[in-house]
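Text of structure_32.cif (mmCIF, C-alpha atoms) as supplied:
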data_final
#
loop_
_atom_site.label_atom_id
_atom_site.label_comp_id
_atom_site.auth_asym_id
_atom_site.auth_seq_id
_atom_site.Cartn_x
_atom_site.Cartn_y
_atom_site.Cartn_z
CA MET A 9 2.50 -88.70 -66.43
CA LEU A 10 3.27 -85.06 -66.77
CA LEU A 11 2.91 -83.42 -70.16
CA ILE A 12 5.83 -81.47 -71.58
CA PHE A 13 3.78 -78.30 -71.15
CA GLN A 14 3.29 -79.02 -67.48
CA ILE A 15 7.01 -79.58 -66.92
CA LEU A 16 7.89 -76.38 -68.76
CA PHE A 17 5.27 -74.41 -66.86
CA ILE A 18 6.48 -75.68 -63.49
CA LEU A 19 10.05 -74.74 -64.41
CA PHE A 20 8.87 -71.29 -65.42
CA ALA A 21 6.85 -70.88 -62.22
CA LEU A 22 9.90 -71.86 -60.14
CA PHE A 23 11.99 -69.39 -62.11
CA ALA A 24 9.36 -66.71 -61.51
CA ILE A 25 9.28 -67.41 -57.76
CA ALA A 26 13.09 -67.25 -57.62
CA ASN A 27 12.82 -63.90 -59.39
CA VAL A 28 10.25 -62.68 -56.89
CA LEU A 29 12.53 -63.63 -54.00
CA GLY A 30 15.45 -61.93 -55.71
CA LYS A 31 13.47 -58.69 -56.11
CA LYS A 32 12.43 -58.93 -52.47
CA ARG A 33 16.07 -59.19 -51.45
CA GLU A 34 16.87 -56.08 -53.53
CA GLY A 35 14.08 -54.27 -51.72
CA LEU A 36 11.99 -53.78 -54.88
CA LEU A 37 9.05 -55.81 -53.52
CA GLY A 38 7.30 -55.38 -50.19
CA PRO A 39 6.10 -58.30 -48.03
CA LYS A 40 2.54 -58.05 -49.46
CA GLY A 41 3.72 -58.06 -53.04
CA THR A 42 6.09 -60.95 -52.37
CA LEU A 43 3.35 -63.04 -50.78
CA PHE A 44 0.92 -62.22 -53.61
CA TRP A 45 3.28 -63.23 -56.38
CA ILE A 46 4.50 -66.42 -54.65
CA LEU A 47 0.91 -67.47 -54.00
CA PHE A 48 0.01 -66.56 -57.55
CA TRP A 49 2.67 -68.79 -59.11
CA PHE A 50 2.03 -71.54 -56.58
CA ILE A 51 -1.68 -71.64 -57.40
CA ALA A 52 -0.94 -71.42 -61.12
CA GLY A 53 1.37 -74.42 -60.73
CA VAL A 54 -1.24 -76.41 -58.81
CA VAL A 55 -3.86 -75.67 -61.47
CA VAL A 56 -1.51 -76.74 -64.26
CA ILE A 57 -0.56 -80.03 -62.58
CA TRP A 58 -4.09 -80.86 -61.45
CA PRO A 59 -6.40 -79.16 -63.97
CA ASN A 60 -9.41 -80.90 -62.47
CA SER A 61 -8.88 -79.09 -59.17
CA VAL A 62 -10.58 -75.97 -60.54
CA GLN A 63 -13.43 -77.92 -62.11
CA GLN A 64 -15.45 -77.93 -58.90
CA ILE A 65 -15.00 -74.20 -58.34
CA ALA A 66 -15.94 -73.52 -61.96
CA ASN A 67 -19.12 -75.55 -61.55
CA ASN A 68 -20.03 -73.58 -58.46
CA PHE A 69 -19.83 -70.40 -60.53
CA GLY A 70 -21.88 -71.94 -63.30
CA ILE A 71 -18.96 -72.15 -65.71
CA GLY A 72 -18.70 -75.43 -67.64
CA ARG A 73 -14.98 -75.97 -67.88
CA GLY A 74 -12.25 -75.35 -65.31
CA VAL A 75 -9.98 -73.95 -68.02
CA ASP A 76 -12.55 -71.31 -68.93
CA PHE A 77 -12.80 -70.31 -65.29
CA VAL A 78 -9.03 -69.88 -65.07
CA MET A 79 -9.06 -67.85 -68.29
CA TYR A 80 -11.72 -65.44 -67.03
CA ILE A 81 -9.90 -64.89 -63.77
CA ALA A 82 -6.60 -64.43 -65.57
CA PHE A 83 -8.02 -61.84 -67.96
CA ALA A 84 -9.68 -59.88 -65.21
CA LEU A 85 -6.47 -59.93 -63.19
CA ILE A 86 -4.29 -58.87 -66.12
CA PHE A 87 -6.48 -55.92 -67.02
CA PHE A 88 -6.77 -54.86 -63.43
CA ILE A 89 -2.99 -54.92 -63.01
CA LEU A 90 -2.59 -53.05 -66.30
CA PHE A 91 -4.98 -50.38 -65.09
CA ARG A 92 -3.18 -50.05 -61.77
CA LEU A 93 0.14 -49.77 -63.58
CA HIS A 94 -1.16 -47.09 -65.87
CA VAL A 95 -2.53 -45.06 -62.98
CA LYS A 96 0.75 -45.47 -61.13
CA PHE A 97 2.57 -44.30 -64.23
CA GLU A 98 0.41 -41.18 -64.49
CA GLU A 99 1.02 -40.46 -60.82
CA LEU A 100 4.74 -40.76 -61.42
CA LYS A 101 4.47 -38.28 -64.28
CA ARG A 102 2.71 -35.83 -61.96
CA ASP A 103 5.46 -36.30 -59.38
CA VAL A 104 8.15 -35.73 -62.01
CA THR A 105 6.37 -32.52 -63.03
CA LYS A 106 6.37 -31.36 -59.41
CA VAL A 107 10.08 -32.03 -59.00
CA VAL A 108 11.05 -30.40 -62.31
CA ARG A 109 8.84 -27.39 -61.56
CA GLY A 110 10.26 -27.04 -58.06
CA LYS A 111 13.77 -27.04 -59.44
CA ALA A 112 12.90 -24.52 -62.17
CA LEU A 113 11.45 -22.13 -59.58
CA LYS A 114 14.35 -22.47 -57.18
CA GLU A 115 17.01 -21.33 -59.61
CA MET B 12 2.05 -5.87 -62.14
CA PHE B 13 1.26 -7.31 -65.57
CA VAL B 14 3.36 -10.39 -66.31
CA ALA B 15 3.73 -12.26 -69.60
CA ILE B 16 4.31 -16.02 -69.45
CA VAL B 17 5.95 -17.38 -72.55
CA PRO B 18 6.25 -21.17 -72.77
CA ALA B 19 9.05 -22.00 -75.20
CA TYR B 20 10.56 -25.13 -76.67
CA ASN B 21 13.42 -24.72 -79.14
CA GLU B 22 12.43 -21.19 -80.12
CA GLU B 23 15.87 -19.54 -80.41
CA LYS B 24 14.92 -18.06 -83.77
CA ARG B 25 11.99 -16.06 -82.43
CA ILE B 26 12.17 -15.88 -78.64
CA GLY B 27 14.43 -12.81 -78.53
CA SER B 28 12.15 -10.65 -80.63
CA VAL B 29 9.01 -11.97 -78.91
CA VAL B 30 10.40 -11.04 -75.48
CA GLN B 31 11.62 -7.63 -76.64
CA SER B 32 8.33 -6.70 -78.22
CA LEU B 33 6.41 -7.90 -75.15
CA PHE B 34 8.37 -5.55 -72.92
CA GLU B 35 6.68 -2.62 -74.62
CA HIS B 36 3.36 -3.76 -73.17
CA VAL B 37 3.96 -5.69 -69.93
CA ASP B 38 6.03 -5.17 -66.77
CA LYS B 39 7.78 -8.49 -66.67
CA VAL B 40 8.36 -11.37 -69.08
CA ILE B 41 8.81 -14.93 -67.86
CA VAL B 42 10.10 -17.44 -70.38
CA VAL B 43 9.58 -21.05 -69.33
CA ASP B 44 12.11 -23.03 -71.32
CA ASP B 45 10.73 -26.56 -71.56
CA ALA B 46 14.11 -28.31 -71.88
CA SER B 47 15.08 -26.81 -75.22
CA VAL B 48 18.24 -28.11 -76.82
CA ASP B 49 19.02 -24.81 -78.52
CA ASN B 50 19.79 -21.33 -77.15
CA THR B 51 16.23 -20.45 -76.12
CA SER B 52 17.25 -19.77 -72.51
CA GLU B 53 20.24 -17.58 -73.32
CA ASP B 54 18.36 -15.61 -75.95
CA GLY B 55 15.42 -15.09 -73.62
CA ARG B 56 17.69 -13.92 -70.84
CA LYS B 57 19.60 -11.59 -73.16
CA ALA B 58 16.32 -10.01 -74.20
CA GLY B 59 15.63 -9.29 -70.52
CA ALA B 60 13.22 -12.06 -69.55
CA VAL B 61 13.26 -14.11 -66.35
CA VAL B 62 13.97 -17.61 -67.64
CA LEU B 63 12.76 -20.69 -65.77
CA ASN B 64 14.27 -23.95 -66.97
CA HIS B 65 12.57 -27.32 -67.03
CA LYS B 66 15.30 -29.95 -66.86
CA ILE B 67 13.18 -32.34 -68.88
CA ASN B 68 10.48 -31.66 -71.43
CA LEU B 69 7.07 -31.66 -69.74
CA GLY B 70 4.82 -29.94 -72.26
CA GLN B 71 3.15 -26.58 -72.71
CA GLY B 72 0.57 -27.03 -69.95
CA ALA B 73 3.31 -27.76 -67.42
CA ALA B 74 5.34 -24.78 -68.65
CA LEU B 75 2.37 -22.45 -68.20
CA GLU B 76 1.73 -23.75 -64.69
CA THR B 77 5.40 -23.22 -63.78
CA GLY B 78 4.96 -19.65 -64.99
CA HIS B 79 1.78 -19.37 -62.90
CA GLU B 80 3.60 -20.50 -59.77
CA TYR B 81 6.26 -17.88 -60.33
CA ALA B 82 3.63 -15.20 -61.01
CA ARG B 83 1.80 -16.11 -57.78
CA LYS B 84 5.08 -15.87 -55.89
CA ILE B 85 5.88 -12.38 -57.15
CA ASN B 86 2.26 -11.36 -56.55
CA ALA B 87 1.38 -10.54 -60.15
CA ASP B 88 -1.92 -8.77 -60.71
CA TYR B 89 -2.42 -9.98 -64.26
CA VAL B 90 -0.77 -12.63 -66.38
CA LEU B 91 -0.67 -12.97 -70.13
CA HIS B 92 -0.22 -16.32 -71.89
CA PHE B 93 1.75 -15.69 -75.04
CA ASP B 94 3.30 -18.35 -77.28
CA GLY B 95 7.05 -18.21 -77.79
CA ASP B 96 6.94 -19.02 -81.50
CA GLY B 97 5.84 -15.58 -82.62
CA GLN B 98 2.40 -16.65 -83.87
CA PHE B 99 0.68 -13.98 -81.78
CA HIS B 100 1.03 -10.24 -82.28
CA VAL B 101 1.88 -7.88 -79.43
CA GLU B 102 -0.41 -5.16 -80.83
CA ASP B 103 -3.29 -7.26 -79.48
CA VAL B 104 -2.02 -7.20 -75.89
CA ILE B 105 -3.02 -3.71 -74.75
CA PRO B 106 -6.46 -3.60 -76.41
CA ALA B 107 -7.19 -7.05 -74.92
CA PHE B 108 -5.95 -5.95 -71.48
CA GLU B 109 -8.09 -2.80 -71.60
CA SER B 110 -11.09 -4.86 -72.61
CA LEU B 111 -10.60 -7.29 -69.71
CA LYS B 112 -10.45 -4.43 -67.23
CA LYS B 113 -13.37 -2.58 -68.78
CA GLU B 114 -15.60 -5.66 -68.74
CA LYS B 115 -14.39 -6.55 -65.22
CA ALA B 116 -13.74 -10.08 -66.43
CA ASP B 117 -11.50 -12.60 -64.65
CA ILE B 118 -10.11 -14.19 -67.78
CA LEU B 119 -9.85 -13.25 -71.44
CA PHE B 120 -9.51 -15.72 -74.29
CA GLY B 121 -8.09 -14.75 -77.64
CA SER B 122 -10.10 -15.84 -80.65
CA ARG B 123 -9.14 -16.23 -84.27
CA PHE B 124 -12.75 -16.27 -85.36
CA LEU B 125 -13.99 -12.87 -84.26
CA ASP B 126 -12.29 -11.17 -87.19
CA ASN B 127 -10.56 -12.19 -90.41
CA ARG B 128 -6.94 -11.40 -89.65
CA SER B 129 -5.70 -14.96 -89.06
CA ASN B 130 -4.46 -17.09 -91.94
CA MET B 131 -5.90 -20.33 -90.66
CA PRO B 132 -5.33 -23.49 -92.73
CA TRP B 133 -8.68 -24.84 -93.97
CA PHE B 134 -8.20 -28.28 -92.33
CA LYS B 135 -7.83 -26.57 -88.99
CA ARG B 136 -10.77 -24.25 -89.54
CA TYR B 137 -13.29 -26.75 -90.83
CA ILE B 138 -12.18 -30.11 -89.37
CA LEU B 139 -10.04 -29.76 -86.23
CA SER B 140 -11.81 -26.78 -84.70
CA PRO B 141 -15.29 -28.35 -84.82
CA ILE B 142 -13.85 -31.51 -83.22
CA GLY B 143 -12.24 -29.33 -80.57
CA HIS B 144 -15.63 -27.77 -79.84
CA LEU B 145 -17.17 -31.20 -79.38
CA VAL B 146 -14.39 -32.32 -77.01
CA ASN B 147 -14.90 -29.19 -74.93
CA ILE B 148 -18.62 -29.78 -74.65
CA ILE B 149 -18.02 -33.37 -73.53
CA PHE B 150 -15.49 -32.34 -70.88
CA GLY B 151 -17.65 -29.61 -69.47
CA ALA B 152 -15.76 -26.56 -70.62
CA VAL B 153 -17.19 -23.10 -71.30
CA ARG B 154 -18.18 -22.55 -74.93
CA LEU B 155 -16.02 -20.25 -76.97
CA THR B 156 -15.69 -19.38 -80.63
CA ASP B 157 -12.06 -20.51 -80.50
CA VAL B 158 -11.36 -23.51 -78.33
CA HIS B 159 -7.60 -23.86 -78.46
CA ASN B 160 -6.15 -20.41 -78.55
CA GLY B 161 -3.05 -19.87 -76.43
CA PHE B 162 -3.61 -16.13 -76.04
CA ARG B 163 -5.14 -15.51 -72.62
CA ILE B 164 -5.10 -12.84 -69.91
CA LEU B 165 -5.90 -13.80 -66.32
CA ASN B 166 -6.48 -11.53 -63.37
CA LYS B 167 -5.37 -12.47 -59.86
CA ARG B 168 -8.55 -14.34 -59.07
CA ALA B 169 -8.26 -16.47 -62.21
CA LEU B 170 -4.55 -16.99 -61.58
CA ASN B 171 -5.30 -18.41 -58.15
CA LYS B 172 -8.15 -20.62 -59.36
CA ILE B 173 -6.63 -21.98 -62.55
CA ILE B 174 -4.11 -24.58 -61.54
CA ILE B 175 -3.15 -26.57 -64.61
CA SER B 176 -2.63 -30.28 -64.04
CA GLN B 177 -2.61 -31.28 -67.72
CA ASP B 178 1.04 -31.13 -68.70
CA ARG B 179 0.57 -31.37 -72.43
CA MET B 180 -1.89 -29.88 -74.89
CA ALA B 181 -5.05 -30.89 -73.01
CA HIS B 182 -4.44 -27.91 -70.72
CA ALA B 183 -6.41 -25.69 -73.13
CA THR B 184 -9.61 -27.62 -72.47
CA GLU B 185 -8.75 -27.91 -68.77
CA ILE B 186 -8.47 -24.12 -68.43
CA LEU B 187 -11.95 -23.74 -69.95
CA ALA B 188 -13.35 -26.40 -67.62
CA LEU B 189 -11.79 -24.67 -64.59
CA THR B 190 -13.20 -21.34 -65.75
CA LYS B 191 -16.65 -22.88 -65.66
CA LYS B 192 -16.08 -24.76 -62.40
CA HIS B 193 -14.94 -21.67 -60.51
CA ASN B 194 -17.52 -19.43 -62.13
CA LEU B 195 -14.94 -17.03 -63.50
CA LYS B 196 -16.21 -14.22 -65.65
CA TYR B 197 -14.74 -14.64 -69.11
CA ILE B 198 -14.70 -12.71 -72.35
CA GLU B 199 -13.36 -13.36 -75.82
CA PHE B 200 -11.28 -10.95 -77.79
CA PRO B 201 -10.20 -11.04 -81.45
CA VAL B 202 -6.50 -11.74 -81.90
CA LYS B 203 -4.42 -12.32 -84.98
CA VAL B 204 -2.59 -15.61 -85.36
CA THR B 205 0.07 -16.14 -87.98
CA TYR B 206 0.90 -19.76 -88.70
CA HIS B 207 4.56 -20.52 -89.11
CA GLU B 208 4.16 -24.24 -88.75
CA TYR B 209 1.14 -26.41 -88.77
CA GLY B 210 0.67 -26.75 -85.00
CA GLN B 211 -1.93 -29.17 -83.66
CA SER B 212 -2.23 -32.29 -85.83
CA ALA B 213 -4.98 -34.87 -85.86
CA THR B 214 -2.93 -37.36 -83.81
CA GLY B 215 -2.24 -34.53 -81.38
CA GLY B 216 -5.99 -34.20 -81.04
CA PHE B 217 -6.33 -37.84 -80.06
CA LYS B 218 -3.62 -37.38 -77.44
CA ILE B 219 -5.60 -34.49 -75.96
CA VAL B 220 -8.70 -36.65 -75.58
CA ARG B 221 -6.64 -39.45 -74.05
CA ASP B 222 -5.03 -37.06 -71.56
CA LEU B 223 -8.40 -35.61 -70.63
CA LEU B 224 -9.83 -39.07 -69.99
CA TRP B 225 -6.89 -40.03 -67.81
CA GLY B 226 -7.19 -36.73 -66.00
CA LYS B 227 -10.63 -37.87 -64.85
CA VAL B 228 -9.21 -41.11 -63.41
CA VAL B 229 -5.89 -40.20 -61.87
CA ARG B 230 -5.65 -38.22 -58.68
CA LYS B 231 -4.42 -34.68 -58.92
#
Full structure transcribed into structure tokens:
Amino acid sequence: MLLIFQILFILFALFAIANVLGKKREGLLGPKGTLFWILFWFIAGVVVIWPNSVQQIANNFGIGRGVDFVMYIAFALIFFILFRLHVKFEELKRDVTKVVRGKALKE
Amino acid sequence: MFVAIVPAYNEEKRIGSVVQSLFEHVDKVIVVDDASVDNTSEDGRKAGAVVLNHKINLGQGAALETGHEYARKINADYVLHFDGDGQFHVEDVIPAFESLKKEKADILFGSRFLDNRSNMPWFKRYILSPIGHLVNIIFGAVRLTDVHNGFRILNKRALNKIIISQDRMAHATEILALTKKHNLKYIEFPVKVTYHEYGQSATGGFKIVRDLLWGKVVRK
């Protein structure tokens, strides 16, 4: 029997995938990004429905519980994405500076 | 040609007189209006300056670099960095300029500590300045008596080497680091600074360190 949490999570994952497809249609996500995020939510869903599925992998890495393994991966992923976003943001700022400067010098 | 670059943000009260008094000492004055909401641009123009407008506020470092680009375009021989808020005094310009030429230096930095003319608040003198020194040492800048003084004169060589990528206040440390990196000959010269407002706060200092750290990570 599925727990309430599992049902809610699956619904959320489906919602997230629908969102990903929507963004793809609007051209905001490339094929790589689309594939990554669909796979991401799919795997997350599988892990939530069958928590024991990660147990074996966790054991291979010397981590006791499957949940811990998922947590470590999730944290690493979140911080990596955060870092990438921040760098992207700084790059954008540099680009804005270039555009604003170019315009100031043209006038 | 000796060109003054005056970064300005909402300086309508003082910009006119700053520009006018600068014209007694330099050939051309460039005001970089960093998206002011007041009449900084009009007042600068009326006083005879070339005014470059940033459509959005980018910060003092970005404004100086915009001025640099313009100065490179018009083939300036020397540029002066001079704040638009009237905290510097134009009497210092010519003696500083003469000193730069006499010493055959590439870049001159104004210093508040080489004489006693500046009315520096004690917190700035005894707390913020020592921290500024430490930050400069960490980020590989040349060592000066006054780390964050906006009064500078650059010759053509320095103008071509010093390309500011730090848009906000971290540019002061960046300029010192570039001076060291490109082996520019530098001198310090006493200038008077009059404080109208407080200027760099402690939180501003943290922002500088953050910007410098990010500057090491993000591509130019």
Inset, instruction - Check what the PyMOL selection byres ((chain B) within 7 of (chain A)) selects in the file above and give those residues as an MDAnalysis selection string. - result: chainID B and resid 63:66 69 77 81 229
Please produce a file of the residues just selected, as a PDB file, in the coordinates of the input, where the atoms kept are C-alpha atoms.
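This is the output file part_12.pdb:
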ATOM      1  CA  LEU B  63      12.760 -20.690 -65.770  1.00  0.00           C
ATOM      2  CA  ASN B  64      14.270 -23.950 -66.970  1.00  0.00           C
ATOM      3  CA  HIS B  65      12.570 -27.320 -67.030  1.00  0.00           C
ATOM      4  CA  LYS B  66      15.300 -29.950 -66.860  1.00  0.00           C
ATOM      5  CA  LEU B  69       7.070 -31.660 -69.740  1.00  0.00           C
ATOM      6  CA  THR B  77       5.400 -23.220 -63.780  1.00  0.00           C
ATOM      7  CA  TYR B  81       6.260 -17.880 -60.330  1.00  0.00           C
ATOM      8  CA  VAL B 229      -5.890 -40.200 -61.870  1.00  0.00           C
TER       9      VAL B 229
END
Legend entry - Å distance separating CA of Ala26 (chain A) from CA of Leu10 (chain A), one decimal place: 22.3 Å
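Counting from CA of Ala181 (chain B), the distance to CA of Gln71 (chain B) is 9.3 Å.
Note that CA of Lys113 (chain B) and CA of Ile41 (chain B) are 25.4 Å apart.
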Inset, instruction - Name the residues that the PyMOL selection byres ((chain B and resi 23-25) around 8) pulls out of this structure, and write them as a PyMOL selection string. - result: chain B and resi 21-22+26-29+49-51+54+95-97
Starting from 3 Å padding per side, set up an axis-aligned box that covers all listed atoms of region 68-81 of chain B and hand over centre and edge lengths in Å, one decimal, as AutoDock Vina command-line options.
--center_x 5.5 --center_y -24.8 --center_z -66.2 --size_x 15.9 --size_y 19.8 --size_z 18.9
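What the PyMOL selection byres ((chain B and resi 167) around 6) picks from this file is B:Asp88, B:Tyr89, B:Asn166, B:Arg168, B:Ala169, B:Leu170.
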Legend entry - Who sits within 10 Å of region 159-162 of chain B, all atoms listed in the file, same chain under 4 positions skipped, as a PyMOL selection string: chain B and resi 71+91-94+98-100+103-104+107+119-123+140+143-144+147+155+180-184+187+200-204+211
I need the residues from that last selection saved to file as a compact mmCIF listing (two decimals), in the frame of the given file (with C-alpha atoms), if you can.
# COMPACT_ATOMS: atom_id res chain seq x y z
CA GLN B 71 3.15 -26.58 -72.71
CA LEU B 91 -0.67 -12.97 -70.13
CA HIS B 92 -0.22 -16.32 -71.89
CA PHE B 93 1.75 -15.69 -75.04
CA ASP B 94 3.30 -18.35 -77.28
CA GLN B 98 2.40 -16.65 -83.87
CA PHE B 99 0.68 -13.98 -81.78
CA HIS B 100 1.03 -10.24 -82.28
CA ASP B 103 -3.29 -7.26 -79.48
CA VAL B 104 -2.02 -7.20 -75.89
CA ALA B 107 -7.19 -7.05 -74.92
CA LEU B 119 -9.85 -13.25 -71.44
CA PHE B 120 -9.51 -15.72 -74.29
CA GLY B 121 -8.09 -14.75 -77.64
CA SER B 122 -10.10 -15.84 -80.65
CA ARG B 123 -9.14 -16.23 -84.27
CA SER B 140 -11.81 -26.78 -84.70
CA GLY B 143 -12.24 -29.33 -80.57
CA HIS B 144 -15.63 -27.77 -79.84
CA ASN B 147 -14.90 -29.19 -74.93
CA LEU B 155 -16.02 -20.25 -76.97
CA MET B 180 -1.89 -29.88 -74.89
CA ALA B 181 -5.05 -30.89 -73.01
CA HIS B 182 -4.44 -27.91 -70.72
CA ALA B 183 -6.41 -25.69 -73.13
CA THR B 184 -9.61 -27.62 -72.47
CA LEU B 187 -11.95 -23.74 -69.95
CA PHE B 200 -11.28 -10.95 -77.79
CA PRO B 201 -10.20 -11.04 -81.45
CA VAL B 202 -6.50 -11.74 -81.90
CA LYS B 203 -4.42 -12.32 -84.98
CA VAL B 204 -2.59 -15.61 -85.36
CA GLN B 211 -1.93 -29.17 -83.66
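Residues in contact with Lys39 (chain B) at up to 10 Å, not including ones fewer than 4 positions away on its chain and judged by all atoms listed in the file, are Met12, Phe13, Val14, Ala15, Ile16, Val30, Leu33, Phe34, Glu35, Gly59, Ala60, Val61, Ala82, Ala87 and Val90 of chain B.
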Inset, instruction - Find the residues around region 66-81 of chain A up to 12 Å (only C-alpha atoms counted), leave out those fewer than 5 positions away in its own chain, and share them as an NGL selection string. - result: :A and (48 or 51-52 or 54-56 or 58-61 or 86-88)
Inset, instruction - Mind checking which residues fall within 8 Å of Leu29 (chain A), counting all atoms listed in the file, ignoring those fewer than 4 positions away in the same chain, and posting them as a ChimeraX atom specification? - result: /A:25,33,42
Inset, instruction - Excluding Ile46 (chain A) and residues on its chain fewer than 6 positions from it, collect all residues at most 12 Å away from it, counting all atoms listed in the file, and give them as number ranges by chain. - result: A: 21-32, 37, 39-40, 52-53
Since fewer atoms than expected are present, regenerate N, CA and C atoms for region 59-81 of chain B and write them as a PDB file, in the coordinates of the input.
ATOM      1  N   GLY B  59      16.097  -9.914 -71.762  1.00  0.00           N
ATOM      2  CA  GLY B  59      15.630  -9.290 -70.520  1.00  0.00           C
ATOM      3  C   GLY B  59      14.572 -10.067 -69.758  1.00  0.00           C
ATOM      4  N   ALA B  60      14.265 -11.284 -70.220  1.00  0.00           N
ATOM      5  CA  ALA B  60      13.220 -12.060 -69.550  1.00  0.00           C
ATOM      6  C   ALA B  60      13.791 -12.818 -68.351  1.00  0.00           C
ATOM      7  N   VAL B  61      12.911 -13.148 -67.397  1.00  0.00           N
ATOM      8  CA  VAL B  61      13.260 -14.110 -66.350  1.00  0.00           C
ATOM      9  C   VAL B  61      13.066 -15.473 -66.986  1.00  0.00           C
ATOM     10  N   VAL B  62      14.105 -16.303 -66.986  1.00  0.00           N
ATOM     11  CA  VAL B  62      13.970 -17.610 -67.640  1.00  0.00           C
ATOM     12  C   VAL B  62      13.926 -18.712 -66.592  1.00  0.00           C
ATOM     13  N   LEU B  63      12.868 -19.516 -66.641  1.00  0.00           N
ATOM     14  CA  LEU B  63      12.760 -20.690 -65.770  1.00  0.00           C
ATOM     15  C   LEU B  63      13.020 -21.913 -66.633  1.00  0.00           C
ATOM     16  N   ASN B  64      13.886 -22.795 -66.150  1.00  0.00           N
ATOM     17  CA  ASN B  64      14.270 -23.950 -66.970  1.00  0.00           C
ATOM     18  C   ASN B  64      13.680 -25.254 -66.469  1.00  0.00           C
ATOM     19  N   HIS B  65      12.946 -25.934 -67.326  1.00  0.00           N
ATOM     20  CA  HIS B  65      12.570 -27.320 -67.030  1.00  0.00           C
ATOM     21  C   HIS B  65      13.743 -28.201 -67.440  1.00  0.00           C
ATOM     22  N   LYS B  66      14.168 -29.087 -66.521  1.00  0.00           N
ATOM     23  CA  LYS B  66      15.300 -29.950 -66.860  1.00  0.00           C
ATOM     24  C   LYS B  66      14.926 -31.023 -67.855  1.00  0.00           C
ATOM     25  N   ILE B  67      13.649 -31.430 -67.837  1.00  0.00           N
ATOM     26  CA  ILE B  67      13.180 -32.340 -68.880  1.00  0.00           C
ATOM     27  C   ILE B  67      11.897 -31.777 -69.484  1.00  0.00           C
ATOM     28  N   ASN B  68      11.634 -32.192 -70.711  1.00  0.00           N
ATOM     29  CA  ASN B  68      10.480 -31.660 -71.430  1.00  0.00           C
ATOM     30  C   ASN B  68       9.174 -32.181 -70.833  1.00  0.00           C
ATOM     31  N   LEU B  69       8.323 -31.255 -70.380  1.00  0.00           N
ATOM     32  CA  LEU B  69       7.070 -31.660 -69.740  1.00  0.00           C
ATOM     33  C   LEU B  69       5.847 -31.319 -70.575  1.00  0.00           C
ATOM     34  N   GLY B  70       5.970 -30.355 -71.461  1.00  0.00           N
ATOM     35  CA  GLY B  70       4.820 -29.940 -72.260  1.00  0.00           C
ATOM     36  C   GLY B  70       4.376 -28.528 -71.934  1.00  0.00           C
ATOM     37  N   GLN B  71       3.531 -27.988 -72.834  1.00  0.00           N
ATOM     38  CA  GLN B  71       3.150 -26.580 -72.710  1.00  0.00           C
ATOM     39  C   GLN B  71       2.299 -26.300 -71.472  1.00  0.00           C
ATOM     40  N   GLY B  72       1.411 -27.234 -71.134  1.00  0.00           N
ATOM     41  CA  GLY B  72       0.570 -27.030 -69.950  1.00  0.00           C
ATOM     42  C   GLY B  72       1.433 -26.901 -68.699  1.00  0.00           C
ATOM     43  N   ALA B  73       2.415 -27.784 -68.578  1.00  0.00           N
ATOM     44  CA  ALA B  73       3.310 -27.760 -67.420  1.00  0.00           C
ATOM     45  C   ALA B  73       4.113 -26.459 -67.396  1.00  0.00           C
ATOM     46  N   ALA B  74       4.554 -26.011 -68.577  1.00  0.00           N
ATOM     47  CA  ALA B  74       5.340 -24.780 -68.650  1.00  0.00           C
ATOM     48  C   ALA B  74       4.501 -23.592 -68.187  1.00  0.00           C
ATOM     49  N   LEU B  75       3.241 -23.545 -68.620  1.00  0.00           N
ATOM     50  CA  LEU B  75       2.370 -22.450 -68.200  1.00  0.00           C
ATOM     51  C   LEU B  75       2.159 -22.465 -66.691  1.00  0.00           C
ATOM     52  N   GLU B  76       1.968 -23.666 -66.126  1.00  0.00           N
ATOM     53  CA  GLU B  76       1.730 -23.750 -64.690  1.00  0.00           C
ATOM     54  C   GLU B  76       2.987 -23.344 -63.905  1.00  0.00           C
ATOM     55  N   THR B  77       4.159 -23.680 -64.418  1.00  0.00           N
ATOM     56  CA  THR B  77       5.400 -23.220 -63.780  1.00  0.00           C
ATOM     57  C   THR B  77       5.435 -21.694 -63.770  1.00  0.00           C
ATOM     58  N   GLY B  78       5.037 -21.104 -64.901  1.00  0.00           N
ATOM     59  CA  GLY B  78       4.960 -19.650 -64.990  1.00  0.00           C
ATOM     60  C   GLY B  78       3.942 -19.090 -63.996  1.00  0.00           C
ATOM     61  N   HIS B  79       2.796 -19.791 -63.872  1.00  0.00           N
ATOM     62  CA  HIS B  79       1.780 -19.370 -62.900  1.00  0.00           C
ATOM     63  C   HIS B  79       2.344 -19.333 -61.485  1.00  0.00           C
ATOM     64  N   GLU B  80       3.042 -20.416 -61.130  1.00  0.00           N
ATOM     65  CA  GLU B  80       3.600 -20.500 -59.770  1.00  0.00           C
ATOM     66  C   GLU B  80       4.512 -19.308 -59.498  1.00  0.00           C
ATOM     67  N   TYR B  81       5.339 -19.002 -60.483  1.00  0.00           N
ATOM     68  CA  TYR B  81       6.260 -17.880 -60.330  1.00  0.00           C
ATOM     69  C   TYR B  81       5.464 -16.570 -60.186  1.00  0.00           C
TER      70      TYR B  81
END
